[in-house]
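See below for the structure under consideration.
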Amino acid sequence: MGNLGVEFAGIRFRNPLILASATPGWDGERSNQAWRAGAGGVVPKSFAPPVKWAQHPRCGRMKLIKHGKKPIGMVNIELYTTMALQDWLDNELDKAYEGNNSIIASVVAHPNPKDTGRNAKIIEDTGKVVMFEINVSCPMPAGEDKVGFQMGNDPETCYRQVEAVKKAVSLPIGIKLTPTSHDMVPMAQAAERAGADFLSIANSVRSFAGVDITTGLPKLAAYGGYSGPAIKPITQRHVSEVARAVSIPISAVGGISTWEDVVEYMMLGATTVQICTSIMWHGYEHFQEILKGLSEYMEREGLDSLKSIRGKTLPHIVTIEDLAKEPPLMAQVDSEKCINLTKGGCELCGKVCFYGAIEFAPKMTLHRENCDGCGLCMEICPVGALELLPE
């Protein structure tokens with residue numbers, strides 16, 4: 001069986017699944033529980049001065065976004081740790097550390113980078129963490145200084161934060177970037193120039209939870225962070241773009257809930273992945289489900305390590321202009337699979353074809369000369385009866 005272990009920024013992790021900084025790591029005991037459940041590493045909730053108006057207990061602050069009855073994402077109004085840094089230093093880090101030698105400290109970037117470095121140094125002196133993740137990307141900036149994603153959209157700010165922490169500590173450091181960036185590459189490159197050892201891509205997406213149309217009231221009255229499977233395409237875009245622009249390793253964060261998601265991110269250049277929303281929906285034991293699938297995948301593919309698949313997809317990503325030069329493809333129907341041709345009914349593909357390539361008179365008829373090759377019919381077909389083939 002292949003080895004799930006990975007080396008990330010000079011540190012060896014027993015597997016690439018890391019608990020992302022959020023509610024499941026809000027204190028030392030919960031952080032350690034994630035480790036005991038199989039996580040390769042743990043990022044406890046971000047260390048920052050507690051916000052007085054955001055202490056336990058709090059008003060409802062999480063809403064699932066559903067397609068029908070199936071959750072596809074979640075909007076949360078979470079901030080940083082609800083405990084003072086001194087509580088972590090005195091008690092919680094010890095609890096998190098018990099048997100766990102792979103704690104990554106998430107440190108909220110302060111407006112004065114020296115303060116960020118000072119906090120990191122205090123944490124490093126405990127001997128309980130293996131690396132630092134500088135948080136410049138929280139989608140809910142709090143307080144007058146507006147720390148959070150507004151910092152992460154400025155290359156110079158990213159540079160100065162990394163530079164200050166790099167001077168203050170000896171452990172590897174990285175920076176967690178924001179998906180609100182139109183182009184994340186300048187921030188990533190600035191962090192690399194400043195000495196970052198890795199990048200975490202990315203935080204949740206600033207969002208709104210929706211409206212209760214019976215009352216006209218917001219489902220959550222403040223803007224929050226959107227996470228879960230629905231943001232995976234956004235994060236994958238950022239990961240793949242940055243992976244081709246820097247030489248330091250990447251930890252991918254966003255929409256990971258299956259072992260297939262892990263493989264996809266690695267093929268796009270990630271070395272580790274961070275998981276949160278899926279753990280919040282399914283519990284810590286979900287780590288084992290993903291690890292089982294990952295191990296079975298490696299065995300089927302004959303992989304000794306995950307390193308061999310890293311970046312495999314990147315050479316095949318092209319521009320829209322280059323894609324347009326590819327030979328056209330057209331829809332082809334498998335008459336033995338098609339519901340309409342075998343049983344009657346359905347007609348879904350015809351409803352979504354806007355080029356007149358599919359009609360029902362009364363049976364499904366395909367006019368390939370009208371086909372645009374968009375592929376929507378193939379994607380929407382419930383039985384996989386359509387595929388795109390060369391003209």
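Each chain in the structure tokens gets a letter, A, B, ..., in the order shown, and its residues are numbered from 1; ligands are numbered from 1 in order too.
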In stretch 53-181 of chain A, DSSP helix (DSSP H, G or I) residues written as a VMD selection string
chain A and resid 53 to 54 85 to 97 113 to 124 149 to 152 155 to 168
Keeping only C-alpha atoms, write the selected residues to a file as a PDB file, in the first residue's frame.
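So selection11.pdb came out as:
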ATOM      1  CA  TRP A  53     -18.987  41.286  21.434  1.00  0.00           C
ATOM      2  CA  ALA A  54     -18.266  37.836  19.968  1.00  0.00           C
ATOM      3  CA  LEU A  85      -3.966  34.066  23.749  1.00  0.00           C
ATOM      4  CA  GLN A  86      -2.845  33.553  27.335  1.00  0.00           C
ATOM      5  CA  ASP A  87      -5.481  30.815  27.758  1.00  0.00           C
ATOM      6  CA  TRP A  88      -3.972  29.010  24.789  1.00  0.00           C
ATOM      7  CA  LEU A  89      -0.479  29.452  26.182  1.00  0.00           C
ATOM      8  CA  ASP A  90      -1.456  28.303  29.692  1.00  0.00           C
ATOM      9  CA  ASN A  91      -3.830  25.436  28.907  1.00  0.00           C
ATOM     10  CA  GLU A  92      -5.249  24.885  25.444  1.00  0.00           C
ATOM     11  CA  LEU A  93      -2.038  24.297  23.482  1.00  0.00           C
ATOM     12  CA  ASP A  94      -1.067  21.593  25.969  1.00  0.00           C
ATOM     13  CA  LYS A  95      -4.396  19.854  25.363  1.00  0.00           C
ATOM     14  CA  ALA A  96      -4.054  20.180  21.604  1.00  0.00           C
ATOM     15  CA  TYR A  97      -0.452  18.963  21.681  1.00  0.00           C
ATOM     16  CA  PRO A 113       3.319  43.632  11.262  1.00  0.00           C
ATOM     17  CA  LYS A 114       5.658  43.708  14.270  1.00  0.00           C
ATOM     18  CA  ASP A 115       2.685  42.827  16.489  1.00  0.00           C
ATOM     19  CA  THR A 116       1.957  39.824  14.275  1.00  0.00           C
ATOM     20  CA  GLY A 117       5.574  38.717  14.633  1.00  0.00           C
ATOM     21  CA  ARG A 118       5.523  39.300  18.387  1.00  0.00           C
ATOM     22  CA  ASN A 119       2.498  37.034  18.857  1.00  0.00           C
ATOM     23  CA  ALA A 120       4.049  34.366  16.654  1.00  0.00           C
ATOM     24  CA  LYS A 121       7.242  34.417  18.716  1.00  0.00           C
ATOM     25  CA  ILE A 122       5.297  33.961  21.958  1.00  0.00           C
ATOM     26  CA  ILE A 123       3.560  30.925  20.479  1.00  0.00           C
ATOM     27  CA  GLU A 124       6.793  29.499  19.046  1.00  0.00           C
ATOM     28  CA  PHE A 149      -9.359  40.098   3.705  1.00  0.00           C
ATOM     29  CA  GLN A 150      -8.676  43.785   3.065  1.00  0.00           C
ATOM     30  CA  MET A 151      -5.069  43.121   4.050  1.00  0.00           C
ATOM     31  CA  GLY A 152      -4.867  40.078   1.816  1.00  0.00           C
ATOM     32  CA  PRO A 155       0.810  42.628  -2.185  1.00  0.00           C
ATOM     33  CA  GLU A 156       2.831  45.099  -0.116  1.00  0.00           C
ATOM     34  CA  THR A 157       0.857  44.286   3.033  1.00  0.00           C
ATOM     35  CA  CYS A 158       1.340  40.559   2.452  1.00  0.00           C
ATOM     36  CA  TYR A 159       5.059  41.150   1.977  1.00  0.00           C
ATOM     37  CA  ARG A 160       5.428  43.148   5.196  1.00  0.00           C
ATOM     38  CA  GLN A 161       3.447  40.656   7.266  1.00  0.00           C
ATOM     39  CA  VAL A 162       5.529  37.706   6.081  1.00  0.00           C
ATOM     40  CA  GLU A 163       8.754  39.661   6.464  1.00  0.00           C
ATOM     41  CA  ALA A 164       7.956  40.598  10.076  1.00  0.00           C
ATOM     42  CA  VAL A 165       6.988  37.085  11.145  1.00  0.00           C
ATOM     43  CA  LYS A 166       9.978  35.603   9.326  1.00  0.00           C
ATOM     44  CA  LYS A 167      12.282  37.841  11.361  1.00  0.00           C
ATOM     45  CA  ALA A 168      10.534  36.938  14.615  1.00  0.00           C
TER      46      ALA A 168
END
Selection near A:Glu359, 6 Å with only C-alpha atoms, sequence-local residues under 5 positions removed, as an NGL selection string
:A and (350 or 364-365)
Only N, CA and C atoms, please: the residues just picked out, written as a compact mmCIF listing (two decimals), in the first residue's frame.
# COMPACT_ATOMS: atom_id res chain seq x y z
N GLY A 350 -33.62 17.99 -24.73
CA GLY A 350 -34.20 18.92 -25.69
C GLY A 350 -34.56 20.26 -25.06
N MET A 364 -36.74 11.00 -29.70
CA MET A 364 -35.57 11.88 -29.70
C MET A 364 -34.83 11.80 -31.02
N THR A 365 -34.63 12.94 -31.66
CA THR A 365 -33.89 13.03 -32.92
C THR A 365 -32.77 14.04 -32.74
Run DSSP on the backbone and grab whatever in stretch 43-110 of chain A lands in strand (DSSP E or B); send it over as a PyMOL selection string.
chain A and resi 47+62-67+70-76+103-108
May I have the residues within 7 Å of A:Gly148 as number ranges by chain, using only C-alpha atoms and disregarding those fewer than 4 positions away in the same chain?
A: 136-141, 152
Residue neighbourhood stretch 35-50 of chain A, 7 Å, only C-alpha atoms, exclusion window fewer than 5 positions, as a CSV table (one decimal) with C-alpha atoms, in the first residue's frame:
chain,number,residue,atom,x,y,z
A,13,PHE,CA,3.0,15.0,8.0
A,14,ARG,CA,1.5,11.5,8.4
A,15,ASN,CA,-1.1,12.3,5.7
A,16,PRO,CA,-2.1,15.4,3.7
A,17,LEU,CA,-5.4,16.0,5.4
A,18,ILE,CA,-5.2,19.0,7.8
A,19,LEU,CA,-8.0,20.4,9.9
A,20,ALA,CA,-8.5,24.0,8.7
A,21,SER,CA,-8.7,26.8,11.2
A,22,ALA,CA,-12.4,27.0,12.3
A,23,THR,CA,-15.0,25.8,14.8
A,25,GLY,CA,-10.5,23.4,16.4
A,26,TRP,CA,-12.0,26.2,18.7
A,80,TYR,CA,-11.2,34.2,15.6
A,81,THR,CA,-10.6,32.3,18.8
A,82,THR,CA,-13.0,33.2,21.6
A,83,MET,CA,-10.2,32.6,24.1
A,84,ALA,CA,-7.4,34.9,25.1
A,85,LEU,CA,-4.0,34.1,23.7
A,100,ASN,CA,0.0,15.5,18.3
A,102,SER,CA,1.7,18.6,13.9
A,103,ILE,CA,0.0,21.8,15.1
A,104,ILE,CA,0.0,24.7,12.7
A,105,ALA,CA,-0.6,28.0,14.5
A,106,SER,CA,-2.9,30.4,12.7
A,107,VAL,CA,-2.0,34.0,13.7
A,108,VAL,CA,-4.3,36.9,12.7
A,284,TYR,CA,-14.3,14.2,12.9
A,285,GLU,CA,-14.7,10.6,11.8
A,287,PHE,CA,-11.2,12.1,8.1
A,288,GLN,CA,-11.1,8.3,8.1
Per-residue nearest contacts stretch 167-285 of chain A to stretch 59-70 of chain A, cut-off 12 Å, using only C-alpha atoms, as a tab-separated table:
residue	atom	partner	partner_atom	distance
A:Ser207	CA	A:Ile65	CA	11.3
A:Phe208	CA	A:Lys63	CA	9.8
A:Ala209	CA	A:Lys63	CA	6.6
A:Gly210	CA	A:Ile65	CA	8.8
A:Val211	CA	A:Lys63	CA	11.3
A:Asp212	CA	A:Lys63	CA	11.9
A:Pro218	CA	A:Lys63	CA	11.0
A:Lys219	CA	A:Lys63	CA	7.5
A:Leu220	CA	A:Arg61	CA	6.7
A:Ala221	CA	A:Arg61	CA	9.1
A:Ala222	CA	A:Arg61	CA	9.1
A:Tyr223	CA	A:Arg61	CA	10.2
A:Gly224	CA	A:Arg61	CA	8.6
A:Gly225	CA	A:Met62	CA	9.5
A:Tyr226	CA	A:Ile65	CA	9.1
A:Ser227	CA	A:Leu64	CA	9.6
A:Gly228	CA	A:Ile65	CA	9.3
A:Pro229	CA	A:Ile65	CA	10.5
A:Ala230	CA	A:Ile65	CA	9.3
A:Ile231	CA	A:Ile65	CA	11.7
A:Thr277	CA	A:Leu64	CA	10.4
A:Met280	CA	A:Met62	CA	10.9
A:Trp281	CA	A:Leu64	CA	9.9
Could you name the residues that touch stretch 243-258 of chain A at 7 Å or less, counting only C-alpha atoms, but leaving out those on the same chain fewer than 6 positions away, as a PyMOL selection string?
chain A and resi 8-9+185+189+197-203+227-232+235+265+269-275+278+290
Writer output for current selection, C-alpha atoms, as an mmCIF file, in the first residue's frame:
data_model
loop_
_atom_site.group_PDB
_atom_site.id
_atom_site.type_symbol
_atom_site.label_atom_id
_atom_site.label_comp_id
_atom_site.auth_asym_id
_atom_site.auth_seq_id
_atom_site.Cartn_x
_atom_site.Cartn_y
_atom_site.Cartn_z
ATOM 1 C CA PHE A 8 5.317 20.135 3.446
ATOM 2 C CA ALA A 9 7.594 23.158 3.902
ATOM 3 C CA VAL A 185 -0.702 35.711 -8.026
ATOM 4 C CA GLN A 189 4.619 36.182 -5.273
ATOM 5 C CA ASP A 197 7.739 28.817 3.116
ATOM 6 C CA PHE A 198 4.238 27.927 1.921
ATOM 7 C CA LEU A 199 0.862 29.344 0.899
ATOM 8 C CA SER A 200 -2.633 28.416 2.070
ATOM 9 C CA ILE A 201 -5.225 28.960 -0.671
ATOM 10 C CA ALA A 202 -7.817 30.132 0.258
ATOM 11 C CA ASN A 203 -10.176 31.384 2.938
ATOM 12 C CA SER A 227 -17.609 27.596 2.327
ATOM 13 C CA GLY A 228 -18.372 24.044 1.241
ATOM 14 C CA PRO A 229 -18.490 22.144 -2.080
ATOM 15 C CA ALA A 230 -19.862 25.102 -4.051
ATOM 16 C CA ILE A 231 -16.646 27.123 -3.710
ATOM 17 C CA LYS A 232 -14.348 24.377 -5.001
ATOM 18 C CA THR A 235 -10.451 27.805 -5.106
ATOM 19 C CA TYR A 265 -6.230 19.569 -5.680
ATOM 20 C CA GLY A 269 -0.307 21.542 -7.506
ATOM 21 C CA ALA A 270 -1.247 21.281 -3.813
ATOM 22 C CA THR A 271 0.864 19.287 -1.357
ATOM 23 C CA THR A 272 -1.641 19.270 1.515
ATOM 24 C CA VAL A 273 -5.339 20.058 1.795
ATOM 25 C CA GLN A 274 -7.270 21.641 4.635
ATOM 26 C CA ILE A 275 -10.776 20.480 5.510
ATOM 27 C CA SER A 278 -17.160 18.726 5.643
ATOM 28 C CA ILE A 290 -11.452 10.282 3.100
#
